[in-house]
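These notes are about the structure you will find just below.
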Amino acid sequence: MKIAVVGGGISGLSIAWNLAIRNEGEIHLFEKNWITYGSSTRSGARFRVHFWAEENSRFALESIRRLEKLARRMDWNPIIHRGGYLWLLLHEQHIDRFREANKMWSKLGVQGVFLDPGMVKERYPYINADDVLEAFFGPQDGSLHHDYVCFGYYSLAKKLGVIFHELTPVHNIIIENKKVKQLKTAKGLVDVDVIVLSAGAWTNELLENIGIRLPTEPVRKEMCLTEPYHYFIDPLIIDTGSGAFVGQTLKGEILGSLDYPTTPGLIQLETKFDFVVRWARAITKRIPVLKNARIMRTWAGYYMMSSDCSHIMGRDPEWPEGLYVAYGYSGHGFMMAPLVGELLAENILTGKIPELMKPFLPTRFKENKLIQEKMVIG
Amino acid sequence: MDDSSHHAQSRKGDRVNIFLDDLNLEGYSLEPVAVALYSNGFKVIGRSKKLYRPRGFYSLEPEDRLLLTRIGDEYLNPCEVYCRDGQKIELSLSTPFLVKFFSPFLNGYFQHRRLLRNRFLWRLAVDKIRQFANHPDIRTVKTVKAVKTIQLESDVVIIGGGLAGLTAAYTVSQLGLRTLLIDKSLQLGGRLRYDYLDVPGISMPREQLLENIISRISLLKNLSILTKTVFAGFFEDYPIAYSQEERSLYILKAKAYIIATGQIDIPCVFRNNDLPGIFSGSTVLEMVNMYGVKPGERGLVIGFNQNSLRVAEQLKQLGINVALVDYSEPEKIQYSLSSIGECFGNVEEIEALGKTCVKNVKIVHDGRRDELKADFIVCSAFPSPDVRILNQLNSKMVFIDGVGFVPVHDEYMRLKDNIFIAGGASGTPYSILHMKEGEISALSAAYMLGVKEAESATDEKIREYKEKLREMNVGWKSVVFEFSRGKPIGDHVSNRPPTLFIEKPRKDAFICFCEDITAEDVSRTVYEKGYVLLELVKRSLGVCTGRCQGRLCMVNTALYVSYLSKLDPNRVGLSRARAPTTPIPLYAFIGGGDE
C-alpha cells in the first residue's frame, strides 16, 4: 500500500510517523515548503486540556500524555512544561460557565481550582486583579516547543523510512472509479492508494478541486513577542474581559495576543500596528510592569477554524475511496495532533473507527452532530 | 591628503559626571554611555545570556542590542543612550557558580540531551534554566516614561541619512515633493561623517562635500528631518519609526519609500570573537573620529578591502599601529599595504587571547603560527547590505560572490511597488555610485508620484550611472538588474565565507551573540540534524531570534551553513524578518503620552 500524507506540519508529521511504526506500506509526505512551514511554526506553543466540550477535553488529555511519553524516544526535547492556564473571570456568566464545565472536567480527571481575587494577588502579585471577580487555574495546561516537537516527529519518521518530499507542492488529486489514483505534484504524478490531506489552512483548495466542501475557513491570528526578561509569568494568563492573553516562554520572551477581528481567508500573513497597540493597551492594564517590556517581533499565522471549533479527522464513506482528512484544528493542532496521528493511522490500516475518534468525523456536519465547543483562545 | 583633518578629535559635548556604581567617571554629553565607559577602561559592560561570557560592544548601532545595562532605573542599550550629568549606571558582572560549573555542557543542544528528556530531571532543569538565564528583571523597572505618538504624512520617506539618503532627500525635495528623512544617528551624514578619507570617484574633499550637502538640504522647506530615530519596519497598516532619546513613536504615511540604510560590517568568526575590544570597522572610525576615544594602542584589522584599508589608514594617522590580516593573498590589493602596517595573507585561523578583553592575537598563516600584540580587533572583512528591512518586505535576495546577499532591483532602483533602494543597502561599494543611486531612486519615486520632469532626467542619470559602474568595475550590478527582469539565478559554488577564520567548528567561535550560538552548534545542525535551510537552522538553534533579530548573525549563519553543506547560498537562503525591526517598549504603543 502506498500512502501519501499532504502537509508537513505537526498533524502530517504525527500521522506519517504513526503510520510508519505500524510498518505497512510505503509512506510519502509532501510539503510545499519546508517541514513545520505553515501554521505549526507560527504557533503560540501552548496546550490545554480544558475545553467546553467533553469530547475535546478527553481527546486532549490523552494526546498530551502521548506526547510526554514520546519525549523519551525523540532526539529533540519538546520542552513540555505544565505551567498552567489562568483565566481571569470578570463577569458572573463566565464564572457560571466555568463552574458548570468544572463538573465535567473533574469527572474526566482534569483538575482546576477557583481562586478569589485575594488569592490571585497573593499568587501572582504582578497581576492587577481589581476588576477580577474570580479566577480559574488549570494546572495540567502548559507550554511546549512547537518546532522541537515537529523536528522530533520528523527525525523519528525519517528513521522509520518515511519518504519526505519537501519543497514539493501538491496541485491536485486524481480520482478514477471513485478511488484515489494519483497525486499531481510539482515533481510530477505520483501513484497512491491512500491520501491523507493534512495541509492545515491550505487543505480546502485541494478538497474543493474534487468537489468536497467542509465548513472550515482559515482565520489570520497575530502574535507579539517581547525581548527576553527574567522569568516571572508561569501560567498563560487569559483576560476574559479583553480577550487578551499573555505568557512567558522558557527563553524569557513574553508572548501574547488578543481576539482581533480579521477577514477570514488566506490573507497575507502580515501584522498590524493597530493590533500591537490594542494588545499593548489590554495587557499593560492587566500586568502594569509589562509597560517597560519591548516588543521584538510580531507574526501572523492561520487558525483553520471549523464551524464547531473542533478538528476534523477520518473520511466520509461517500468520498472517493482512500481519501482521508485531518485538519480544521481551530488553533488546537499541537494539543490534538499526537493522538490524531495514532487514531487515524489505526483507522486507515484497519478500517475500524476508534471510539475517541468518532465525534470528530467529517460526517458530523451533514448529520448535524456538532461538537459544542466555543473556547478558542487568541 | 589634507593632514589637518586627521588630528585626534577631542571629545564631543560638555563634560559630565556619570556614576558607575559608586565610582565617579568622566563622560561627554554627546557620546554614548558605552563609549564613555570604554574610555574609562571599563571594557566589560555585561555578560552574555547563557554562558555569562564577558561582553563589550561590537557596534554602536542602536539596533544591535547585544547587551542591556541598567542606566538610571531602566535597562537600556548603552550604545544608544548618551551621557547625562549624574547618570547612574550599574553593571552586573558576576557569574553564578552553577553556570561556571556547567558551562562546558551548555552548547546549543544541551536541552536535548537524553538525560534532560527524562520528565523529572527536566522539571528540575526548567527551574534552573529560568533562574540563571542572564536577563534583566522587568519587574524592577518602576517608572514609565511618556511617549508621544505622532503621525507624519509626506510624499516620500527616506530611511537613512548617509551619502545616498541625503542625495535622494535633496533630489526629491527639489522636485517639490514633501519629504521625510529618518536617520538613527545624532547627526546626518552616515559614513561621510565618521570616515575622514575622501569618497572614491568624487574629487571634492570629504569635509567640503558633507558641508555642501548639509547646507543645501537645510534650505529646503519641504524636507523634514528626524535624527536619533530608528525606522522600525513596515506593519501591514503603517510603517513606524521610534526615537528612544526623544521618546516619540512616529506613524508614517507616505506614497513612496527609499531605503538607504547602508551596509553592516559582518562580525568575523574566530576563536573568542566575542571578547570586549572587538569592533566593526565603522564603529572604530566613529570612536576615533567622532568621539575622540582610542580603541587601543595596537590593533588587528581583518580584511583586505577598501573599507578595511580606510580604517587601517586612519588608525595609523592617529599613531595607532595596525596589522592587517585576511584569508586572501595580499598581492590582490592595489594599495601599498606595507605602508600601512604589517600584513599577513593566507590567514586560516585567528584566536583572540585574553580573559576579559583582547590582550593578544594568535594567527595561523601559511602553515605558521604567530602571536601578535594587539589590544583590539577590527572586523572589516565583509561589508554586507543591512538585510533586515529588505527581508521583512520579502524582497528577493540573491547571493553575489564577494558582495553578499543583495536585494534584486532594477536600474530605476525600484525594489517593489512603491519601495526604492539606494547606496550600501543595495550592495554598492561606498563611492560616487551612492550619490548616483540616491538621485535615480529619488527621480523614479517622483516619476511614480506623477512628477513629469523626472522622466527625462531619469534616463540621463541612468546613462551616467551605468558609465560609472563600468568605470569602477562594479559589473555584478548589471547582473542584478537582469535578475529583476526575470533572468533565472544560476548556481553558485559555496566558497569559504569571507568572515570565517577557524579551521574546524569551534565552540569558542560565536556566530550569534544574543543567544550564545557557536560555530560548533551550527555544524551540528548541518551534520547531525541535516538542516540546511536557514529557516530551519534558525528554528532548531535560535539564531536570528535574539535581540538584534539576526542583524549581525543572519548572513554569517547562511554562509557558514552553505560552506559546511557545500550548498549554494541562494538555496540556504535567508530567514524572514518581522516588524518591528528594533525592539520598541510597550509604553510607546499605549499612547496617551501626547503632551
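By order of appearance in the C-alpha cells: chains A, B, ..., then residues from 1 within every chain, and ligands from 1 in the order shown.
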
If DSSP is run on the backbone, what residues of stretch 129-350 of chain A are strand (DSSP E or B)? A reply as a count of residues only would be ideal. 82

Identify, on the basis of only C-alpha atoms, every residue whose closest approach to stretch 156-170 of chain A does not exceed 8 Å; exclude the query and any residue fewer than 2 positions from it along the same chain; express the result as a ChimeraX atom specification. /A:6,13,16-17,20-21,26-35,74,152-154,172,183-187

Interatomic distance, atom CA of A:Leu344 to atom CA of A:Ser198 (Å, one decimal):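 Answer for the atom CA of A:Leu344 to atom CA of A:Ser198 separation: 11.4 Å.
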
List the spatial neighbours of B:Asn272 as a ChimeraX atom specification - criterion: any atom at most 7 Å away, only C-alpha atoms, same-chain residues fewer than 2 positions off excluded. /B:270,274-275,351-352,508-509

Which residue is closest to chain A? Choose from B:Gly546, B:Pro96, B:Gly46, B:Gly404 and count only C-alpha atoms. B:Gly546

Please measure the separation of atom CA of A:Trp299 and atom CA of B:Ser562, giving the value in Å to one decimal.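 Those two atoms sit 26.9 Å apart.
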
Neighbouring residues of stretch 318-323 of chain B were defined as those with any atom within 8 Å, considering only C-alpha atoms; residues of the same chain fewer than 4 positions away were excluded. Please report them as an MDAnalysis selection string. chainID B and resid 6:8 296:301 312 314 340:344

Can you tell me, as a list of chain:residue names, what residues are no more than 7 Å from A:Pro362 when counting only C-alpha atoms, ignoring any on the same chain fewer than 3 positions away?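 The neighbour list is A:Ile312, A:Met313, A:Gly314, A:Arg315, A:Asp316, A:Phe365.
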
Expected file: the selected residues, N, CA and C atoms, as an mmCIF file, in the first residue's frame:
```cif
data_model
loop_
_atom_site.group_PDB
_atom_site.id
_atom_site.type_symbol
_atom_site.label_atom_id
_atom_site.label_comp_id
_atom_site.auth_asym_id
_atom_site.auth_seq_id
_atom_site.Cartn_x
_atom_site.Cartn_y
_atom_site.Cartn_z
ATOM 1 N N ILE A 312 -11.215 17.957 12.451
ATOM 2 C CA ILE A 312 -11.944 17.013 11.597
ATOM 3 C C ILE A 312 -10.955 15.921 11.206
ATOM 4 N N MET A 313 -11.323 14.667 11.421
ATOM 5 C CA MET A 313 -10.409 13.579 11.050
ATOM 6 C C MET A 313 -11.187 12.378 10.511
ATOM 7 N N GLY A 314 -10.535 11.678 9.611
ATOM 8 C CA GLY A 314 -11.163 10.481 9.056
ATOM 9 C C GLY A 314 -11.734 10.748 7.684
ATOM 10 N N ARG A 315 -12.819 10.012 7.326
ATOM 11 C CA ARG A 315 -13.378 10.170 5.999
ATOM 12 C C ARG A 315 -14.897 10.023 6.042
ATOM 13 N N ASP A 316 -15.490 10.509 4.959
ATOM 14 C CA ASP A 316 -16.919 10.361 4.751
ATOM 15 C C ASP A 316 -17.054 9.177 3.794
ATOM 16 N N PHE A 365 -21.004 17.119 10.174
ATOM 17 C CA PHE A 365 -21.623 18.373 9.723
ATOM 18 C C PHE A 365 -22.950 18.117 9.024
#
```

Tell me the residues of chain B close to chain A, meaning within 8 Å using only C-alpha atoms, as a PDB file with N, CA and C atoms, in the first residue's frame.
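Written out: iface.pdb:
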```pdb
ATOM      1  N   GLN B 111      19.774  21.198  25.893  1.00  0.00           N
ATOM      2  CA  GLN B 111      18.459  20.823  26.425  1.00  0.00           C
ATOM      3  C   GLN B 111      17.920  19.551  25.782  1.00  0.00           C
ATOM      4  N   HIS B 112      18.548  19.120  24.688  1.00  0.00           N
ATOM      5  CA  HIS B 112      18.069  17.909  24.018  1.00  0.00           C
ATOM      6  C   HIS B 112      18.788  16.644  24.486  1.00  0.00           C
ATOM      7  N   ARG B 113      19.736  16.806  25.426  1.00  0.00           N
ATOM      8  CA  ARG B 113      20.430  15.616  25.929  1.00  0.00           C
ATOM      9  C   ARG B 113      19.429  14.608  26.494  1.00  0.00           C
ATOM     10  N   ARG B 114      19.747  13.353  26.318  1.00  0.00           N
ATOM     11  CA  ARG B 114      18.862  12.283  26.750  1.00  0.00           C
ATOM     12  C   ARG B 114      18.486  12.408  28.228  1.00  0.00           C
ATOM     13  N   LEU B 116      18.248  15.003  30.074  1.00  0.00           N
ATOM     14  CA  LEU B 116      17.287  16.059  30.382  1.00  0.00           C
ATOM     15  C   LEU B 116      15.908  15.767  29.828  1.00  0.00           C
ATOM     16  N   ARG B 117      15.808  14.798  28.918  1.00  0.00           N
ATOM     17  CA  ARG B 117      14.495  14.475  28.381  1.00  0.00           C
ATOM     18  C   ARG B 117      13.705  13.600  29.353  1.00  0.00           C
ATOM     19  N   ASN B 118      14.369  13.154  30.407  1.00  0.00           N
ATOM     20  CA  ASN B 118      13.671  12.483  31.492  1.00  0.00           C
ATOM     21  C   ASN B 118      12.738  13.476  32.162  1.00  0.00           C
ATOM     22  N   ARG B 119      11.487  13.076  32.358  1.00  0.00           N
ATOM     23  CA  ARG B 119      10.461  14.020  32.783  1.00  0.00           C
ATOM     24  C   ARG B 119      10.796  14.728  34.100  1.00  0.00           C
ATOM     25  N   ARG B 123      12.025  18.782  34.791  1.00  0.00           N
ATOM     26  CA  ARG B 123      11.363  19.735  35.676  1.00  0.00           C
ATOM     27  C   ARG B 123      12.375  20.533  36.484  1.00  0.00           C
ATOM     28  N   VAL B 126      14.262  22.945  34.073  1.00  0.00           N
ATOM     29  CA  VAL B 126      13.468  24.117  33.677  1.00  0.00           C
ATOM     30  C   VAL B 126      13.643  25.214  34.721  1.00  0.00           C
ATOM     31  N   ILE B 129      17.161  26.700  34.405  1.00  0.00           N
ATOM     32  CA  ILE B 129      17.338  27.469  33.168  1.00  0.00           C
ATOM     33  C   ILE B 129      16.700  28.843  33.325  1.00  0.00           C
ATOM     34  N   ARG B 130      15.512  28.855  33.921  1.00  0.00           N
ATOM     35  CA  ARG B 130      14.832  30.129  34.147  1.00  0.00           C
ATOM     36  C   ARG B 130      15.600  31.019  35.085  1.00  0.00           C
ATOM     37  N   GLN B 131      16.097  30.383  36.140  1.00  0.00           N
ATOM     38  CA  GLN B 131      16.736  31.162  37.183  1.00  0.00           C
ATOM     39  C   GLN B 131      18.036  31.781  36.701  1.00  0.00           C
ATOM     40  N   ALA B 133      19.242  32.222  33.349  1.00  0.00           N
ATOM     41  CA  ALA B 133      19.375  32.963  32.094  1.00  0.00           C
ATOM     42  C   ALA B 133      19.616  34.424  32.451  1.00  0.00           C
ATOM     43  N   ASN B 134      20.661  34.991  31.885  1.00  0.00           N
ATOM     44  CA  ASN B 134      21.073  36.326  32.288  1.00  0.00           C
ATOM     45  C   ASN B 134      20.233  37.397  31.581  1.00  0.00           C
ATOM     46  N   HIS B 135      19.052  37.643  32.121  1.00  0.00           N
ATOM     47  CA  HIS B 135      18.165  38.632  31.523  1.00  0.00           C
ATOM     48  C   HIS B 135      17.799  39.677  32.565  1.00  0.00           C
ATOM     49  N   PRO B 136      17.510  40.890  32.119  1.00  0.00           N
ATOM     50  CA  PRO B 136      17.055  41.907  33.083  1.00  0.00           C
ATOM     51  C   PRO B 136      15.711  41.522  33.692  1.00  0.00           C
ATOM     52  N   ASP B 137      15.523  41.929  34.923  1.00  0.00           N
ATOM     53  CA  ASP B 137      14.242  41.664  35.584  1.00  0.00           C
ATOM     54  C   ASP B 137      13.340  42.882  35.382  1.00  0.00           C
ATOM     55  N   ILE B 138      12.356  42.708  34.530  1.00  0.00           N
ATOM     56  CA  ILE B 138      11.491  43.826  34.142  1.00  0.00           C
ATOM     57  C   ILE B 138      10.697  44.369  35.327  1.00  0.00           C
ATOM     58  N   ARG B 139      10.496  43.522  36.348  1.00  0.00           N
ATOM     59  CA  ARG B 139       9.680  43.955  37.487  1.00  0.00           C
ATOM     60  C   ARG B 139      10.367  45.032  38.314  1.00  0.00           C
ATOM     61  N   VAL B 141      11.841  47.613  37.089  1.00  0.00           N
ATOM     62  CA  VAL B 141      11.744  48.923  36.426  1.00  0.00           C
ATOM     63  C   VAL B 141      10.378  49.507  36.758  1.00  0.00           C
ATOM     64  N   LYS B 142      10.385  50.585  37.524  1.00  0.00           N
ATOM     65  CA  LYS B 142       9.095  51.078  38.010  1.00  0.00           C
ATOM     66  C   LYS B 142       8.554  52.237  37.176  1.00  0.00           C
ATOM     67  N   VAL B 144       7.594  54.783  34.234  1.00  0.00           N
ATOM     68  CA  VAL B 144       7.216  54.673  32.835  1.00  0.00           C
ATOM     69  C   VAL B 144       7.280  56.067  32.236  1.00  0.00           C
ATOM     70  N   PHE B 235       4.611  47.654   9.196  1.00  0.00           N
ATOM     71  CA  PHE B 235       3.459  46.852   9.588  1.00  0.00           C
ATOM     72  C   PHE B 235       2.488  46.872   8.420  1.00  0.00           C
ATOM     73  N   GLU B 236       1.479  46.022   8.470  1.00  0.00           N
ATOM     74  CA  GLU B 236       0.554  45.943   7.339  1.00  0.00           C
ATOM     75  C   GLU B 236      -0.184  47.267   7.123  1.00  0.00           C
ATOM     76  N   ASP B 237      -0.557  47.902   8.228  1.00  0.00           N
ATOM     77  CA  ASP B 237      -1.292  49.164   8.085  1.00  0.00           C
ATOM     78  C   ASP B 237      -0.371  50.376   7.932  1.00  0.00           C
ATOM     79  N   TYR B 238       0.656  50.496   8.806  1.00  0.00           N
ATOM     80  CA  TYR B 238       1.570  51.631   8.692  1.00  0.00           C
ATOM     81  C   TYR B 238       3.000  51.202   8.958  1.00  0.00           C
ATOM     82  N   LEU B 536      15.175  26.689   8.808  1.00  0.00           N
ATOM     83  CA  LEU B 536      15.156  25.549   9.733  1.00  0.00           C
ATOM     84  C   LEU B 536      16.309  25.607  10.725  1.00  0.00           C
ATOM     85  N   ARG B 539      15.225  27.823  13.400  1.00  0.00           N
ATOM     86  CA  ARG B 539      14.260  27.235  14.317  1.00  0.00           C
ATOM     87  C   ARG B 539      14.874  26.174  15.217  1.00  0.00           C
ATOM     88  N   SER B 540      15.903  25.498  14.730  1.00  0.00           N
ATOM     89  CA  SER B 540      16.475  24.469  15.592  1.00  0.00           C
ATOM     90  C   SER B 540      17.478  25.048  16.576  1.00  0.00           C
ATOM     91  N   GLY B 546      17.392  36.518  18.571  1.00  0.00           N
ATOM     92  CA  GLY B 546      17.760  37.306  19.754  1.00  0.00           C
ATOM     93  C   GLY B 546      17.391  38.766  19.586  1.00  0.00           C
ATOM     94  N   ARG B 547      17.953  39.586  20.484  1.00  0.00           N
ATOM     95  CA  ARG B 547      17.571  40.998  20.491  1.00  0.00           C
ATOM     96  C   ARG B 547      17.919  41.716  19.197  1.00  0.00           C
ATOM     97  N   GLN B 549      17.777  40.459  16.322  1.00  0.00           N
ATOM     98  CA  GLN B 549      16.880  39.934  15.285  1.00  0.00           C
ATOM     99  C   GLN B 549      17.618  39.569  13.997  1.00  0.00           C
ATOM    100  N   ARG B 578      10.635  40.105  10.809  1.00  0.00           N
ATOM    101  CA  ARG B 578       9.296  40.618  11.072  1.00  0.00           C
ATOM    102  C   ARG B 578       9.366  41.978  11.746  1.00  0.00           C
ATOM    103  N   ALA B 579       8.325  42.763  11.548  1.00  0.00           N
ATOM    104  CA  ALA B 579       8.238  44.062  12.218  1.00  0.00           C
ATOM    105  C   ALA B 579       8.035  43.829  13.704  1.00  0.00           C
ATOM    106  N   PRO B 580       8.499  44.673  14.583  1.00  0.00           N
ATOM    107  CA  PRO B 580       9.372  45.813  14.323  1.00  0.00           C
ATOM    108  C   PRO B 580      10.815  45.374  14.113  1.00  0.00           C
ATOM    109  N   THR B 581      11.593  46.176  13.395  1.00  0.00           N
ATOM    110  CA  THR B 581      12.980  45.783  13.146  1.00  0.00           C
ATOM    111  C   THR B 581      13.864  46.081  14.347  1.00  0.00           C
ATOM    112  N   THR B 582      13.378  46.859  15.284  1.00  0.00           N
ATOM    113  CA  THR B 582      14.122  47.065  16.525  1.00  0.00           C
ATOM    114  C   THR B 582      13.113  47.038  17.678  1.00  0.00           C
ATOM    115  N   PRO B 583      13.485  46.478  18.835  1.00  0.00           N
ATOM    116  CA  PRO B 583      12.508  46.362  19.923  1.00  0.00           C
ATOM    117  C   PRO B 583      12.006  47.716  20.417  1.00  0.00           C
ATOM    118  N   ILE B 584      10.703  47.822  20.555  1.00  0.00           N
ATOM    119  CA  ILE B 584      10.071  49.073  20.991  1.00  0.00           C
ATOM    120  C   ILE B 584       9.270  48.795  22.258  1.00  0.00           C
ATOM    121  N   PRO B 585       9.440  49.637  23.300  1.00  0.00           N
ATOM    122  CA  PRO B 585       8.739  49.363  24.558  1.00  0.00           C
ATOM    123  C   PRO B 585       7.220  49.451  24.409  1.00  0.00           C
ATOM    124  N   LEU B 586       6.538  48.645  25.196  1.00  0.00           N
ATOM    125  CA  LEU B 586       5.076  48.653  25.147  1.00  0.00           C
ATOM    126  C   LEU B 586       4.510  50.020  25.499  1.00  0.00           C
ATOM    127  N   TYR B 587       5.223  50.741  26.404  1.00  0.00           N
ATOM    128  CA  TYR B 587       4.658  52.040  26.776  1.00  0.00           C
ATOM    129  C   TYR B 587       4.564  52.984  25.588  1.00  0.00           C
ATOM    130  N   PHE B 589       3.618  52.040  22.640  1.00  0.00           N
ATOM    131  CA  PHE B 589       2.434  51.669  21.856  1.00  0.00           C
ATOM    132  C   PHE B 589       1.140  52.115  22.528  1.00  0.00           C
ATOM    133  N   ILE B 590       1.189  52.210  23.863  1.00  0.00           N
ATOM    134  CA  ILE B 590      -0.047  52.513  24.590  1.00  0.00           C
ATOM    135  C   ILE B 590      -0.563  53.891  24.225  1.00  0.00           C
TER     136      ILE B 590
END
```
